[in-house]
Amino acid sequence: SKHWKRQYSSSKLADNTHLTHKYLSPYLYDFLDALITQQSSPEEAYRKFDELASRHTDVLRKATRRVQEARDSHNDAAVKKAVTEYEDTLDRYIPVLMSQAKIYWDLEQYWQVENIFHKSVEFCNENETWRLHVAHVLFMQDNKFKEAAGFYEPIVKKHYNNILGASAIVLANLCVSYIMTAQNDEAEDLMRKIEKEEERLAYGDPDKKVFHLCIVNLVIGTLYCAKGNYEFGISRLIKSLEPYNKKLGIDTWFYAKRCMLSLIENLSKHMITARDTFFQECISFLEQCEAHGKEVKTVAENPLEESTVHNGKDTVTYEARLLKALFLKLQMF
C-alpha cells in the first residue's frame, strides 16, 4: 500500500544516512523527509515544508536584488548568472509550495490553499504550474468562477491554434466558469472549436480516441447534476459518451458513474423524483456501457501494488451492470 511504501522509504533514509548525505542534496533530503512525514503527521509535514519554503523565498529575494544590481551596472554576465540562480531556486521552490498546498487541498480547505498561493505571488506570478493550480483552487470555491476564468484563459490562448494541446480538464473548467458567469456564447465558441479540431483529427485517423469534448461535456453534466438538475446533466453525460466505442474510457466512465451514483443516492432517499422515461434513458445508457465496456478498465493498473479487485470486476461492463440493477430496483419502489 501507499502507507507501507512511505514507511519503507522513511526507514531506508534513516538506515542509510551515510548514503543519503552522499547522493542526495540537502534540499532533496529535506523535501523527501517532509513528503514522507506527511503520511503520519500532516501538521509536522506542513511545518517542514514551511521551513523549506522560507529558505527558498530568502534566496529568491537575494537573487532578485542581484539581478537588479547587475542590470544597474550593465554587467551582462552577472545578470545571466543571477537570473540562472533565480530560475534554479524557483524550480526547487515550486514543488515545495505545491506539496504544502496539497495538505490543505486534501482537506478540501481551498481558501487555505489560496492563501498559500497568495503569499508566493511575487515570485510565481509568471510560472505556468503556479497559475494552473491557482486557477484550479479558485474554480473549486464555487464563488470565484470569474477569477478562475482569468487564470484559465491565458493557458487556453497559448494552445488556441492547437486547442487539443490544452488539458481537457482546463478546457472543461473554463467552459463551466463561462457558464457560471453567464458567458454562454464564449463557452459555446470554445466547445465548437474543440469539436472542429476533433473532427479534423478523426478524418485523418478514424480509430484515434480523443476525449477533450467528451470530458468538457461530462464536467458540464456533472455541474448540472451537482445543482440538482439531473435530467439535463445526465442527458449531457449520455450525449458526451457517444459513440461508446470511441468515448468510453477509464476517466470518462469515472465522471459518468459518479453522476449516476449521486442520482441513485438522491432517488433512494426520496429527495428527488424521476419520470419513467428518464429511468429508461438511464437504463438504456448503462446497457450501452455494459455492451461496450468489456475491455475498459475502471482502475488504473499499478505494477507496484497488488490488485485486490477480481479480474472480472474491474471493468465498465461489471460496474454498469451493478448500476443498472440498482436502477431497476429503484424503479420497482
# chains A, B, ... in the order shown; residues from 1 in each chain; ligands from 1

call {"tool": "residues_around", "arguments": {"residues": "Arg321 (chain A)", "least_positions_apart": "3", "cutoff": "12 Å", "atoms": "only C-alpha atoms", "output": "MDAnalysis selection string"}}
result
chainID A and resid 257 282:294 313 315:318 324:328

call {"tool": "write_last_selection", "arguments": {"atoms": "N, CA, C and O atoms", "output": "mmCIF file, in the first residue's frame"}}
result
data_model
loop_
_atom_site.group_PDB
_atom_site.id
_atom_site.type_symbol
_atom_site.label_atom_id
_atom_site.label_comp_id
_atom_site.auth_asym_id
_atom_site.auth_seq_id
_atom_site.Cartn_x
_atom_site.Cartn_y
_atom_site.Cartn_z
ATOM 1 N N LYS A 257 -20.130 7.468 -13.865
ATOM 2 C CA LYS A 257 -20.667 6.666 -12.756
ATOM 3 C C LYS A 257 -20.854 7.517 -11.494
ATOM 4 O O LYS A 257 -21.745 7.253 -10.693
ATOM 5 N N CYS A 282 -31.688 6.202 -18.516
ATOM 6 C CA CYS A 282 -30.526 5.812 -17.701
ATOM 7 C C CYS A 282 -30.207 4.336 -17.887
ATOM 8 O O CYS A 282 -29.037 3.953 -18.041
ATOM 9 N N ILE A 283 -31.243 3.493 -17.897
ATOM 10 C CA ILE A 283 -31.043 2.046 -18.047
ATOM 11 C C ILE A 283 -30.482 1.727 -19.439
ATOM 12 O O ILE A 283 -29.551 0.924 -19.579
ATOM 13 N N SER A 284 -31.024 2.383 -20.471
ATOM 14 C CA SER A 284 -30.526 2.166 -21.846
ATOM 15 C C SER A 284 -29.061 2.586 -21.963
ATOM 16 O O SER A 284 -28.250 1.914 -22.616
ATOM 17 N N PHE A 285 -28.719 3.711 -21.309
ATOM 18 C CA PHE A 285 -27.336 4.195 -21.310
ATOM 19 C C PHE A 285 -26.407 3.165 -20.664
ATOM 20 O O PHE A 285 -25.343 2.834 -21.213
ATOM 21 N N LEU A 286 -26.820 2.635 -19.518
ATOM 22 C CA LEU A 286 -25.993 1.658 -18.813
ATOM 23 C C LEU A 286 -25.871 0.357 -19.600
ATOM 24 O O LEU A 286 -24.829 -0.306 -19.555
ATOM 25 N N GLU A 287 -26.913 -0.002 -20.350
ATOM 26 C CA GLU A 287 -26.842 -1.195 -21.209
ATOM 27 C C GLU A 287 -25.809 -1.003 -22.321
ATOM 28 O O GLU A 287 -25.082 -1.928 -22.678
ATOM 29 N N GLN A 288 -25.750 0.213 -22.850
ATOM 30 C CA GLN A 288 -24.740 0.524 -23.878
ATOM 31 C C GLN A 288 -23.328 0.445 -23.287
ATOM 32 O O GLN A 288 -22.409 -0.081 -23.918
ATOM 33 N N CYS A 289 -23.173 0.986 -22.068
ATOM 34 C CA CYS A 289 -21.865 0.920 -21.391
ATOM 35 C C CYS A 289 -21.483 -0.530 -21.106
ATOM 36 O O CYS A 289 -20.314 -0.913 -21.258
ATOM 37 N N GLU A 290 -22.484 -1.321 -20.717
ATOM 38 C CA GLU A 290 -22.254 -2.745 -20.451
ATOM 39 C C GLU A 290 -21.779 -3.460 -21.719
ATOM 40 O O GLU A 290 -20.852 -4.273 -21.692
ATOM 41 N N ALA A 291 -22.418 -3.131 -22.849
ATOM 42 C CA ALA A 291 -22.087 -3.790 -24.119
ATOM 43 C C ALA A 291 -20.700 -3.406 -24.628
ATOM 44 O O ALA A 291 -19.987 -4.233 -25.204
ATOM 45 N N HIS A 292 -20.301 -2.147 -24.401
ATOM 46 C CA HIS A 292 -19.035 -1.661 -24.972
ATOM 47 C C HIS A 292 -17.878 -1.624 -23.960
ATOM 48 O O HIS A 292 -16.765 -1.238 -24.321
ATOM 49 N N GLY A 293 -18.147 -1.999 -22.708
ATOM 50 C CA GLY A 293 -17.138 -1.802 -21.663
ATOM 51 C C GLY A 293 -16.384 -3.025 -21.203
ATOM 52 O O GLY A 293 -15.715 -2.994 -20.168
ATOM 53 N N LYS A 294 -16.475 -4.119 -21.989
ATOM 54 C CA LYS A 294 -15.803 -5.362 -21.556
ATOM 55 C C LYS A 294 -14.292 -5.206 -21.418
ATOM 56 O O LYS A 294 -13.668 -5.785 -20.532
ATOM 57 N N LYS A 313 -14.176 -7.932 -12.204
ATOM 58 C CA LYS A 313 -14.919 -6.856 -11.532
ATOM 59 C C LYS A 313 -14.316 -5.471 -11.738
ATOM 60 O O LYS A 313 -14.837 -4.494 -11.227
ATOM 61 N N THR A 315 -14.013 -3.896 -14.636
ATOM 62 C CA THR A 315 -14.378 -3.429 -15.970
ATOM 63 C C THR A 315 -15.642 -2.579 -15.912
ATOM 64 O O THR A 315 -16.439 -2.690 -14.981
ATOM 65 N N VAL A 316 -15.823 -1.754 -16.936
ATOM 66 C CA VAL A 316 -17.024 -0.925 -17.045
ATOM 67 C C VAL A 316 -18.259 -1.817 -17.158
ATOM 68 O O VAL A 316 -19.315 -1.516 -16.573
ATOM 69 N N THR A 317 -18.137 -2.934 -17.859
ATOM 70 C CA THR A 317 -19.272 -3.856 -18.026
ATOM 71 C C THR A 317 -19.825 -4.291 -16.671
ATOM 72 O O THR A 317 -21.034 -4.247 -16.436
ATOM 73 N N TYR A 318 -18.946 -4.700 -15.781
ATOM 74 C CA TYR A 318 -19.373 -5.172 -14.449
ATOM 75 C C TYR A 318 -20.046 -4.044 -13.660
ATOM 76 O O TYR A 318 -21.133 -4.231 -13.092
ATOM 77 N N LYS A 324 -27.175 -0.702 -13.217
ATOM 78 C CA LYS A 324 -28.461 -0.993 -13.864
ATOM 79 C C LYS A 324 -29.375 -1.752 -12.897
ATOM 80 O O LYS A 324 -30.582 -1.455 -12.801
ATOM 81 N N ALA A 325 -28.810 -2.695 -12.153
ATOM 82 C CA ALA A 325 -29.598 -3.465 -11.175
ATOM 83 C C ALA A 325 -30.187 -2.536 -10.108
ATOM 84 O O ALA A 325 -31.338 -2.705 -9.692
ATOM 85 N N LEU A 326 -29.399 -1.535 -9.685
ATOM 86 C CA LEU A 326 -29.888 -0.572 -8.684
ATOM 87 C C LEU A 326 -31.027 0.272 -9.248
ATOM 88 O O LEU A 326 -32.019 0.535 -8.553
ATOM 89 N N PHE A 327 -30.900 0.697 -10.502
ATOM 90 C CA PHE A 327 -31.967 1.485 -11.136
ATOM 91 C C PHE A 327 -33.251 0.661 -11.247
ATOM 92 O O PHE A 327 -34.349 1.168 -10.986
ATOM 93 N N LEU A 328 -33.125 -0.606 -11.643
ATOM 94 C CA LEU A 328 -34.301 -1.472 -11.782
ATOM 95 C C LEU A 328 -34.978 -1.676 -10.431
ATOM 96 O O LEU A 328 -36.206 -1.687 -10.329
#

call {"tool": "residues_around", "arguments": {"residues": "region 192-198 of chain A", "least_positions_apart": "5", "cutoff": "8 Å", "atoms": "only C-alpha atoms", "output": "list in words"}}
result
Asn162, Ile163, Leu164, Val210, His212 and Leu213 of chain A

call {"tool": "residues_around", "arguments": {"residues": "Glu188 (chain A)", "least_positions_apart": "2", "cutoff": "12 Å", "atoms": "only C-alpha atoms", "output": "short mmCIF file (atom, residue, chain, number, x, y, z; two decimals) with N, CA, C and O atoms, in the first residue's frame"}}
result
data_model
loop_
_atom_site.label_atom_id
_atom_site.label_comp_id
_atom_site.auth_asym_id
_atom_site.auth_seq_id
_atom_site.Cartn_x
_atom_site.Cartn_y
_atom_site.Cartn_z
N LEU A 171 -9.89 22.98 -20.29
CA LEU A 171 -10.94 23.40 -21.21
C LEU A 171 -12.32 23.25 -20.58
O LEU A 171 -13.18 24.13 -20.69
N ALA A 172 -12.51 22.13 -19.88
CA ALA A 172 -13.80 21.87 -19.23
C ALA A 172 -14.08 22.90 -18.14
O ALA A 172 -15.18 23.47 -18.06
N LEU A 174 -12.84 25.88 -17.82
CA LEU A 174 -13.05 27.21 -18.41
C LEU A 174 -14.48 27.32 -18.94
O LEU A 174 -15.14 28.34 -18.74
N CYS A 175 -14.97 26.28 -19.61
CA CYS A 175 -16.36 26.28 -20.11
C CYS A 175 -17.35 26.43 -18.96
O CYS A 175 -18.30 27.22 -19.05
N VAL A 176 -17.12 25.69 -17.88
CA VAL A 176 -18.01 25.78 -16.71
C VAL A 176 -17.94 27.19 -16.12
O VAL A 176 -18.97 27.77 -15.75
N TYR A 178 -17.32 29.94 -17.66
CA TYR A 178 -18.10 30.82 -18.55
C TYR A 178 -19.60 30.66 -18.29
O TYR A 178 -20.33 31.64 -18.18
N ILE A 179 -20.05 29.41 -18.19
CA ILE A 179 -21.48 29.15 -17.97
C ILE A 179 -21.94 29.75 -16.64
O ILE A 179 -23.01 30.37 -16.55
N ALA A 182 -22.53 33.50 -16.78
CA ALA A 182 -23.46 33.93 -17.84
C ALA A 182 -22.75 34.31 -19.14
O ALA A 182 -23.20 35.18 -19.88
N GLN A 183 -21.60 33.67 -19.42
CA GLN A 183 -20.89 33.91 -20.68
C GLN A 183 -21.07 32.68 -21.58
O GLN A 183 -20.11 32.06 -22.03
N ASN A 184 -22.34 32.33 -21.83
CA ASN A 184 -22.66 31.11 -22.58
C ASN A 184 -22.12 31.12 -24.00
O ASN A 184 -21.73 30.08 -24.53
N ASP A 185 -22.08 32.30 -24.63
CA ASP A 185 -21.57 32.39 -26.01
C ASP A 185 -20.10 31.99 -26.08
O ASP A 185 -19.68 31.28 -27.00
N GLU A 186 -19.32 32.45 -25.08
CA GLU A 186 -17.89 32.11 -25.03
C GLU A 186 -17.71 30.59 -24.85
O GLU A 186 -16.85 29.98 -25.48
N LEU A 190 -15.95 28.03 -27.62
CA LEU A 190 -14.82 27.16 -27.26
C LEU A 190 -15.16 25.70 -27.57
O LEU A 190 -14.33 24.97 -28.12
N MET A 191 -16.38 25.29 -27.24
CA MET A 191 -16.78 23.90 -27.50
C MET A 191 -16.84 23.60 -29.00
O MET A 191 -16.48 22.50 -29.43
N ARG A 192 -17.30 24.58 -29.80
CA ARG A 192 -17.33 24.40 -31.26
C ARG A 192 -15.92 24.23 -31.81
O ARG A 192 -15.67 23.42 -32.70
N LYS A 193 -14.99 25.01 -31.26
CA LYS A 193 -13.59 24.94 -31.71
C LYS A 193 -13.01 23.55 -31.40
O LYS A 193 -12.31 22.96 -32.23
N ILE A 194 -13.30 23.05 -30.19
CA ILE A 194 -12.82 21.71 -29.80
C ILE A 194 -13.42 20.65 -30.74
O ILE A 194 -12.73 19.75 -31.21
N GLU A 195 -14.73 20.79 -30.99
CA GLU A 195 -15.44 19.82 -31.85
C GLU A 195 -14.84 19.78 -33.26
O GLU A 195 -14.60 18.72 -33.82
N LEU A 213 -13.64 16.94 -25.95
CA LEU A 213 -15.01 17.44 -25.94
C LEU A 213 -15.89 16.59 -25.03
O LEU A 213 -16.77 17.10 -24.34
N VAL A 216 -15.27 17.73 -21.52
CA VAL A 216 -15.90 19.05 -21.32
C VAL A 216 -17.39 18.85 -21.03
O VAL A 216 -17.95 19.40 -20.07
N ASN A 217 -18.06 18.04 -21.87
CA ASN A 217 -19.49 17.78 -21.68
C ASN A 217 -19.78 17.03 -20.38
O ASN A 217 -20.78 17.28 -19.72
N ILE A 220 -19.55 19.54 -17.54
CA ILE A 220 -20.75 20.39 -17.54
C ILE A 220 -21.95 19.60 -17.02
O ILE A 220 -22.74 20.09 -16.20
#

call {"tool": "residues_around", "arguments": {"residues": "region 232-237 of chain A", "least_positions_apart": "5", "cutoff": "9 Å", "atoms": "only C-alpha atoms", "output": "ChimeraX atom specification"}}
result
/A:214,217-226,255-256,259-260,281-282

call {"tool": "closest_residue", "arguments": {"among": "A:Asp251, A:Asp314, A:Glu51, A:Asp33", "to": "Ile169 (chain A)", "atoms": "only C-alpha atoms"}}
result
A:Asp251

call {"tool": "residues_around", "arguments": {"residues": "region 142-145 of chain A", "least_positions_apart": "4", "cutoff": "8 Å", "atoms": "only C-alpha atoms", "output": "list in words"}}
result
Leu138, Ala149, Ser177, Tyr178, Met180 and Thr181 of chain A

call {"tool": "write_last_selection", "arguments": {"atoms": "N, CA and C atoms", "output": "mmCIF file, in the first residue's frame"}}
result
data_model
loop_
_atom_site.group_PDB
_atom_site.id
_atom_site.type_symbol
_atom_site.label_atom_id
_atom_site.label_comp_id
_atom_site.auth_asym_id
_atom_site.auth_seq_id
_atom_site.Cartn_x
_atom_site.Cartn_y
_atom_site.Cartn_z
ATOM 1 N N LEU A 138 -9.282 28.364 -7.312
ATOM 2 C CA LEU A 138 -10.347 29.364 -7.433
ATOM 3 C C LEU A 138 -11.620 28.691 -7.949
ATOM 4 N N ALA A 149 -11.587 31.856 -14.458
ATOM 5 C CA ALA A 149 -11.532 32.032 -15.921
ATOM 6 C C ALA A 149 -10.356 32.922 -16.312
ATOM 7 N N SER A 177 -16.734 27.751 -16.030
ATOM 8 C CA SER A 177 -16.573 29.110 -15.489
ATOM 9 C C SER A 177 -17.350 30.113 -16.336
ATOM 10 N N TYR A 178 -17.319 29.944 -17.661
ATOM 11 C CA TYR A 178 -18.098 30.820 -18.554
ATOM 12 C C TYR A 178 -19.598 30.659 -18.290
ATOM 13 N N MET A 180 -21.116 29.599 -15.617
ATOM 14 C CA MET A 180 -21.490 30.083 -14.277
ATOM 15 C C MET A 180 -21.431 31.604 -14.152
ATOM 16 N N THR A 181 -20.810 32.259 -15.135
ATOM 17 C CA THR A 181 -20.765 33.731 -15.117
ATOM 18 C C THR A 181 -21.546 34.300 -16.307
#

call {"tool": "residues_around", "arguments": {"residues": "Gly228 (chain A)", "least_positions_apart": "6", "cutoff": "10 Å", "atoms": "only C-alpha atoms", "output": "ChimeraX atom specification"}}
result
/A:222,262-263,266,271-272

call {"tool": "closest_residue", "arguments": {"among": "A:Lys209, A:Gln280, A:Lys227, A:Ser99", "to": "Leu248 (chain A)", "atoms": "only C-alpha atoms"}}
result
A:Lys209

call {"tool": "decode", "arguments": {"residues": "region 154-169 of chain A", "atoms": "N, CA, C and O atoms", "output": "short mmCIF file (atom, residue, chain, number, x, y, z; two decimals), in the first residue's frame"}}
result
data_model
loop_
_atom_site.label_atom_id
_atom_site.label_comp_id
_atom_site.auth_asym_id
_atom_site.auth_seq_id
_atom_site.Cartn_x
_atom_site.Cartn_y
_atom_site.Cartn_z
N PRO A 154 -5.44 32.49 -20.31
CA PRO A 154 -4.10 32.56 -20.94
C PRO A 154 -3.54 31.17 -21.29
O PRO A 154 -2.83 31.02 -22.28
N ILE A 155 -3.88 30.16 -20.47
CA ILE A 155 -3.40 28.79 -20.73
C ILE A 155 -4.03 28.28 -22.03
O ILE A 155 -3.35 27.69 -22.88
N VAL A 156 -5.34 28.53 -22.19
CA VAL A 156 -6.05 28.07 -23.38
C VAL A 156 -5.60 28.86 -24.62
O VAL A 156 -5.40 28.28 -25.69
N LYS A 157 -5.41 30.17 -24.44
CA LYS A 157 -4.97 31.01 -25.58
C LYS A 157 -3.63 30.56 -26.13
O LYS A 157 -3.38 30.61 -27.33
N LYS A 158 -2.77 30.09 -25.25
CA LYS A 158 -1.46 29.60 -25.65
C LYS A 158 -1.58 28.42 -26.63
O LYS A 158 -0.72 28.21 -27.48
N HIS A 159 -2.66 27.66 -26.48
CA HIS A 159 -2.87 26.47 -27.33
C HIS A 159 -3.98 26.70 -28.35
O HIS A 159 -4.50 25.74 -28.92
N TYR A 160 -4.34 27.97 -28.59
CA TYR A 160 -5.54 28.23 -29.37
C TYR A 160 -5.45 27.69 -30.80
O TYR A 160 -6.46 27.27 -31.38
N ASN A 161 -4.27 27.68 -31.38
CA ASN A 161 -4.11 27.14 -32.74
C ASN A 161 -4.01 25.62 -32.75
O ASN A 161 -4.05 25.00 -33.82
N ASN A 162 -3.85 25.04 -31.58
CA ASN A 162 -3.87 23.58 -31.43
C ASN A 162 -4.60 23.29 -30.13
O ASN A 162 -4.00 22.92 -29.13
N ILE A 163 -5.92 23.50 -30.16
CA ILE A 163 -6.72 23.51 -28.93
C ILE A 163 -6.65 22.20 -28.16
O ILE A 163 -6.75 22.18 -26.93
N LEU A 164 -6.42 21.09 -28.86
CA LEU A 164 -6.33 19.80 -28.17
C LEU A 164 -4.99 19.62 -27.46
O LEU A 164 -4.79 18.64 -26.75
N GLY A 165 -4.10 20.60 -27.65
CA GLY A 165 -2.84 20.59 -26.90
C GLY A 165 -3.04 21.04 -25.47
O GLY A 165 -2.19 20.82 -24.61
N ALA A 166 -4.18 21.69 -25.21
CA ALA A 166 -4.51 22.10 -23.83
C ALA A 166 -5.14 20.91 -23.11
O ALA A 166 -5.78 20.06 -23.72
N SER A 167 -4.95 20.88 -21.80
CA SER A 167 -5.53 19.80 -20.99
C SER A 167 -7.06 19.84 -21.08
O SER A 167 -7.67 20.90 -21.03
N ALA A 168 -7.67 18.66 -21.18
CA ALA A 168 -9.13 18.57 -21.29
C ALA A 168 -9.81 19.18 -20.06
O ALA A 168 -10.85 19.83 -20.17
N ILE A 169 -9.22 18.97 -18.88
CA ILE A 169 -9.85 19.48 -17.66
C ILE A 169 -9.76 21.01 -17.59
O ILE A 169 -10.67 21.67 -17.07
#
